[in-house]
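Below is one structure; the comments refer to it alone.
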Amino acid sequence: MRPLSALYVPGDRPDRFDKAAASGADIVILDLEDAVPDRAKAQALANVLEWIDTPPETAVQIRVNPGAAHEIRAIRSTGADVGLRIPKVDGPRMLDAVAYLAGPLPLTALIESARGLEAAAEIAAHPAVHEIALGEADLASDLGSADPLVRDHLRISLLLAARAAGLDAPMLSAYPAIQDLEGLRADTQRGRDLGLHGRVAVHPKQIPIIKQVFAPSEEERAWARAVLDALDDGGVATLPDGQMVDPAMLGRARRLLDD
């Protein structure tokens, strides 16, 4: 099943690591970058290295700092099965050095500037990149706009870059207003309608809503099963409700049943 949710945890708060793993999030993201003050970054790295030495069953990613080669080397040296989130990627060339350091560790390229967005297709096509994601707060600062129309454009642009490179649809960025759960629901639904899949969170209380929005409804699953059954022999078919279906719909049907 494709992950629907991920939870950021500051690397300087090791008391929250196990709680994050038990939160229901599909991925725990240990953050060494923005969530950690400069004075605590060395200790945060030590905390993360100690914890991933015996990681939980939950998938783990680590957001490193820009240009912090020592962090990547240290994480890789543990042999832990984790992914790396690489911030502020503005083109494929910077990923070459990161990929060399990371070796087999899968990379998530975070696109957080207009320059990065312009190069999104090339970034997504880099052989070391397993997924791409937006840093919406950084992009809003770079562009000088957080207007919903601009946000929709950014999300669609990232979706096109990911799918053109054969990657899964990106996850939505974190919704920073922790107490605004209705706003979270509405914005997450908008992202789902645009074609994105899943969302990162900054608080455990956001996880259930994210999962509810992205979980296919019974009606969607029934439609997907009907499409697969109707097109078992290929060609064009008609569902019991009169809807005509053809092989172009198989991809969506299979993704719904994978979630």
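By convention here, the chains of the structure tokens are called A, B, ... in the order presented, each chain's residues are numbered starting at 1, and ligands are numbered starting at 1 in the order presented.
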
Within 9 Å of stretch 2-12 of chain A: each stretch 70-180 of chain A residue with its shortest pair, only C-alpha atoms, as a tab-separated table:
residue	atom	partner	partner_atom	distance
A:Asp168	CA	A:Arg2	CA	8.8
A:Met171	CA	A:Leu4	CA	7.9
A:Ala174	CA	A:Tyr8	CA	8.8

(Q) Neighbouring residues of stretch 200-203 of chain A were defined as those with any atom within 12 Å, considering only C-alpha atoms; residues of the same chain fewer than 5 positions away were excluded. Please report them as a PyMOL selection string. (A) chain A and resi 3-10+16+19-20+23-31+35+61+133-136+170-181+184+188+208-211

Dump as a short mmCIF file (atom, residue, chain, number, x, y, z; two decimals), in the first residue's frame, selection limited to N, CA and C atoms:
data_model
loop_
_atom_site.label_atom_id
_atom_site.label_comp_id
_atom_site.auth_asym_id
_atom_site.auth_seq_id
_atom_site.Cartn_x
_atom_site.Cartn_y
_atom_site.Cartn_z
N PRO A 3 1.97 4.90 1.11
CA PRO A 3 1.79 5.64 2.36
C PRO A 3 0.86 6.82 2.17
N LEU A 4 0.03 7.06 3.18
CA LEU A 4 -0.91 8.18 3.15
C LEU A 4 -0.47 9.32 4.06
N SER A 5 0.39 9.03 5.03
CA SER A 5 0.72 10.06 6.01
C SER A 5 2.16 9.92 6.47
N ALA A 6 2.75 11.06 6.83
CA ALA A 6 4.10 11.09 7.40
C ALA A 6 4.10 12.16 8.49
N LEU A 7 4.90 11.95 9.53
CA LEU A 7 4.92 12.86 10.67
C LEU A 7 6.34 13.36 10.93
N TYR A 8 6.50 14.68 10.90
CA TYR A 8 7.78 15.30 11.23
C TYR A 8 7.99 15.30 12.76
N VAL A 9 9.23 14.99 13.16
CA VAL A 9 9.61 15.05 14.56
C VAL A 9 10.96 15.75 14.66
N PRO A 10 11.10 16.78 15.49
CA PRO A 10 12.40 17.44 15.63
C PRO A 10 13.47 16.49 16.16
N ARG A 16 10.16 12.19 21.73
CA ARG A 16 9.00 12.07 20.86
C ARG A 16 9.17 11.00 19.77
N LYS A 19 6.95 7.93 20.32
CA LYS A 19 5.55 8.35 20.22
C LYS A 19 5.15 8.56 18.76
N ALA A 20 6.06 9.12 17.98
CA ALA A 20 5.78 9.32 16.56
C ALA A 20 5.61 7.99 15.85
N SER A 23 2.20 6.70 16.41
CA SER A 23 1.12 7.66 16.13
C SER A 23 0.14 7.20 15.06
N GLY A 24 0.50 6.18 14.32
CA GLY A 24 -0.33 5.77 13.18
C GLY A 24 0.15 6.31 11.86
N ALA A 25 1.16 7.18 11.88
CA ALA A 25 1.72 7.69 10.63
C ALA A 25 2.43 6.56 9.88
N ASP A 26 2.33 6.59 8.58
CA ASP A 26 2.99 5.56 7.77
C ASP A 26 4.51 5.76 7.72
N ILE A 27 4.94 7.02 7.85
CA ILE A 27 6.37 7.35 7.82
C ILE A 27 6.67 8.31 8.96
N VAL A 28 7.76 8.08 9.66
CA VAL A 28 8.27 9.03 10.65
C VAL A 28 9.44 9.77 10.01
N ILE A 29 9.36 11.11 10.01
CA ILE A 29 10.42 11.94 9.45
C ILE A 29 11.17 12.60 10.60
N LEU A 30 12.40 12.18 10.83
CA LEU A 30 13.24 12.80 11.86
C LEU A 30 13.91 14.01 11.22
N ASP A 31 13.69 15.17 11.81
CA ASP A 31 14.13 16.43 11.19
C ASP A 31 15.40 16.95 11.85
N ALA A 35 13.41 22.41 11.98
CA ALA A 35 12.81 22.27 13.31
C ALA A 35 13.83 22.30 14.43
N GLN A 61 12.31 8.34 7.53
CA GLN A 61 13.09 9.23 6.68
C GLN A 61 13.76 10.27 7.58
N ALA A 133 8.84 16.43 -3.47
CA ALA A 133 7.85 17.07 -2.60
C ALA A 133 8.07 18.57 -2.61
N LEU A 134 7.00 19.30 -2.32
CA LEU A 134 7.07 20.75 -2.24
C LEU A 134 7.35 21.19 -0.81
N GLY A 135 8.13 22.26 -0.69
CA GLY A 135 8.20 23.00 0.56
C GLY A 135 7.35 24.25 0.38
N GLU A 136 6.07 24.15 0.68
CA GLU A 136 5.14 25.22 0.32
C GLU A 136 5.42 26.52 1.06
N PRO A 170 3.12 13.11 -5.62
CA PRO A 170 3.74 13.61 -4.39
C PRO A 170 2.75 13.71 -3.23
N MET A 171 3.31 13.70 -2.04
CA MET A 171 2.53 14.02 -0.85
C MET A 171 2.39 15.54 -0.72
N LEU A 172 1.32 15.97 -0.09
CA LEU A 172 1.14 17.38 0.22
C LEU A 172 2.09 17.81 1.34
N SER A 173 2.46 19.08 1.30
CA SER A 173 3.27 19.66 2.38
C SER A 173 2.47 19.72 3.68
N ALA A 174 3.18 19.98 4.75
CA ALA A 174 2.54 20.08 6.06
C ALA A 174 1.60 21.27 6.12
N TYR A 175 0.51 21.09 6.86
CA TYR A 175 -0.44 22.17 7.13
C TYR A 175 -0.06 22.75 8.50
N PRO A 176 0.45 23.98 8.56
CA PRO A 176 1.07 24.47 9.79
C PRO A 176 0.11 24.86 10.91
N ALA A 177 -1.17 25.13 10.59
CA ALA A 177 -2.12 25.55 11.61
C ALA A 177 -2.64 24.32 12.35
N ILE A 178 -1.94 23.93 13.41
CA ILE A 178 -2.21 22.65 14.07
C ILE A 178 -3.62 22.56 14.62
N GLN A 179 -4.15 23.65 15.13
CA GLN A 179 -5.48 23.61 15.75
C GLN A 179 -6.62 23.69 14.74
N ASP A 180 -6.32 24.08 13.51
CA ASP A 180 -7.36 24.26 12.49
C ASP A 180 -7.59 22.96 11.74
N LEU A 181 -8.29 22.04 12.40
CA LEU A 181 -8.48 20.73 11.79
C LEU A 181 -9.45 20.76 10.62
N LEU A 184 -7.44 21.98 7.77
CA LEU A 184 -6.61 20.86 7.32
C LEU A 184 -7.41 19.93 6.42
N THR A 188 -6.59 19.43 2.52
CA THR A 188 -6.17 18.08 2.14
C THR A 188 -7.09 17.53 1.05
N PRO A 208 -5.13 11.30 11.69
CA PRO A 208 -6.40 10.66 11.34
C PRO A 208 -7.15 11.37 10.22
N ILE A 209 -7.13 12.70 10.23
CA ILE A 209 -7.85 13.43 9.18
C ILE A 209 -7.20 13.20 7.82
N ILE A 210 -5.89 13.23 7.78
CA ILE A 210 -5.18 12.99 6.52
C ILE A 210 -5.53 11.61 5.97
N LYS A 211 -5.53 10.61 6.84
CA LYS A 211 -5.85 9.26 6.39
C LYS A 211 -7.30 9.13 5.94
#

Q. Quick one: residues within 9 Å of stretch 62-67 of chain A, only C-alpha atoms counted, chain neighbours fewer than 6 positions away excluded, as a PyMOL selection string?
A. chain A and resi 11+28-34+48+75+82-89+98+108

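For the atom pair formed by atom CA of A:Leu167 and atom CA of A:Leu49, the distance is 28.7 Å, given to one decimal.
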
Q. Which distance in Å separates atom CA of A:Ala99 and atom CA of A:Val129, to one decimal?
A.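 Rounded to one decimal, the two atoms are 8.6 Å apart.
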
Q) Which of stretch 120-233 of chain A counts as strand (DSSP E or B) under DSSP, as JSON, numbers by chain please? A) {"A": [129, 130, 131, 132, 133, 134, 172, 199, 200, 201]}

Q: Please provide as a count of residues only all residues within 9 Å of A:Ala119, with the sequence filter that same-chain residues fewer than 3 positions apart are discarded (counting only C-alpha atoms).
A: 9

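Atom pair atom CA of A:Pro104 / atom CA of A:Glu118 has a distance of 26.9 Å (rounded to one decimal).
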
Q.
Taking only stretch 46-127 of chain A into account, list the residues labelled alpha helix (DSSP H) by DSSP (computed from the backbone), as a VMD selection string.
A. chain A and resid 46 to 52 69 to 77 93 to 102 114 to 118 120 to 124

Filtering to C-alpha atoms, could you give me those residues as a PDB file, in the first residue's frame?
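To be explicit, this is the file written out as out_9.pdb:
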ATOM      1  CA  ALA A  46      23.479  12.049  17.736  1.00  0.00           C
ATOM      2  CA  ASN A  47      19.894  11.410  18.884  1.00  0.00           C
ATOM      3  CA  VAL A  48      18.835  10.282  15.415  1.00  0.00           C
ATOM      4  CA  LEU A  49      21.830   8.020  14.919  1.00  0.00           C
ATOM      5  CA  GLU A  50      21.187   6.310  18.250  1.00  0.00           C
ATOM      6  CA  TRP A  51      17.484   5.786  17.538  1.00  0.00           C
ATOM      7  CA  ILE A  52      17.834   4.377  14.023  1.00  0.00           C
ATOM      8  CA  ALA A  69      27.748  15.899   3.979  1.00  0.00           C
ATOM      9  CA  HIS A  70      28.763  14.733   7.468  1.00  0.00           C
ATOM     10  CA  GLU A  71      25.129  14.013   8.314  1.00  0.00           C
ATOM     11  CA  ILE A  72      24.642  11.853   5.228  1.00  0.00           C
ATOM     12  CA  ARG A  73      27.886   9.967   5.853  1.00  0.00           C
ATOM     13  CA  ALA A  74      26.950   9.340   9.474  1.00  0.00           C
ATOM     14  CA  ILE A  75      23.446   8.130   8.618  1.00  0.00           C
ATOM     15  CA  ARG A  76      24.686   5.834   5.869  1.00  0.00           C
ATOM     16  CA  SER A  77      27.388   4.380   8.120  1.00  0.00           C
ATOM     17  CA  ARG A  93      23.453  18.686 -10.465  1.00  0.00           C
ATOM     18  CA  MET A  94      23.364  19.197  -6.719  1.00  0.00           C
ATOM     19  CA  LEU A  95      21.851  15.723  -6.392  1.00  0.00           C
ATOM     20  CA  ASP A  96      24.889  14.058  -7.965  1.00  0.00           C
ATOM     21  CA  ALA A  97      27.080  14.759  -4.931  1.00  0.00           C
ATOM     22  CA  VAL A  98      24.276  13.830  -2.540  1.00  0.00           C
ATOM     23  CA  ALA A  99      23.646  10.549  -4.360  1.00  0.00           C
ATOM     24  CA  TYR A 100      27.354   9.682  -4.170  1.00  0.00           C
ATOM     25  CA  LEU A 101      27.333  10.187  -0.406  1.00  0.00           C
ATOM     26  CA  ALA A 102      23.971   8.484   0.137  1.00  0.00           C
ATOM     27  CA  ALA A 114      11.012  29.030  -8.054  1.00  0.00           C
ATOM     28  CA  ARG A 115      14.312  27.853  -9.517  1.00  0.00           C
ATOM     29  CA  GLY A 116      13.738  24.373  -8.161  1.00  0.00           C
ATOM     30  CA  LEU A 117      10.205  24.305  -9.512  1.00  0.00           C
ATOM     31  CA  GLU A 118      11.458  25.259 -12.976  1.00  0.00           C
ATOM     32  CA  ALA A 120      11.259  19.902 -11.252  1.00  0.00           C
ATOM     33  CA  ALA A 121      11.078  17.564 -14.253  1.00  0.00           C
ATOM     34  CA  GLU A 122      14.871  17.137 -14.326  1.00  0.00           C
ATOM     35  CA  ILE A 123      15.011  16.691 -10.560  1.00  0.00           C
ATOM     36  CA  ALA A 124      12.294  14.041 -10.638  1.00  0.00           C
TER      37      ALA A 124
END
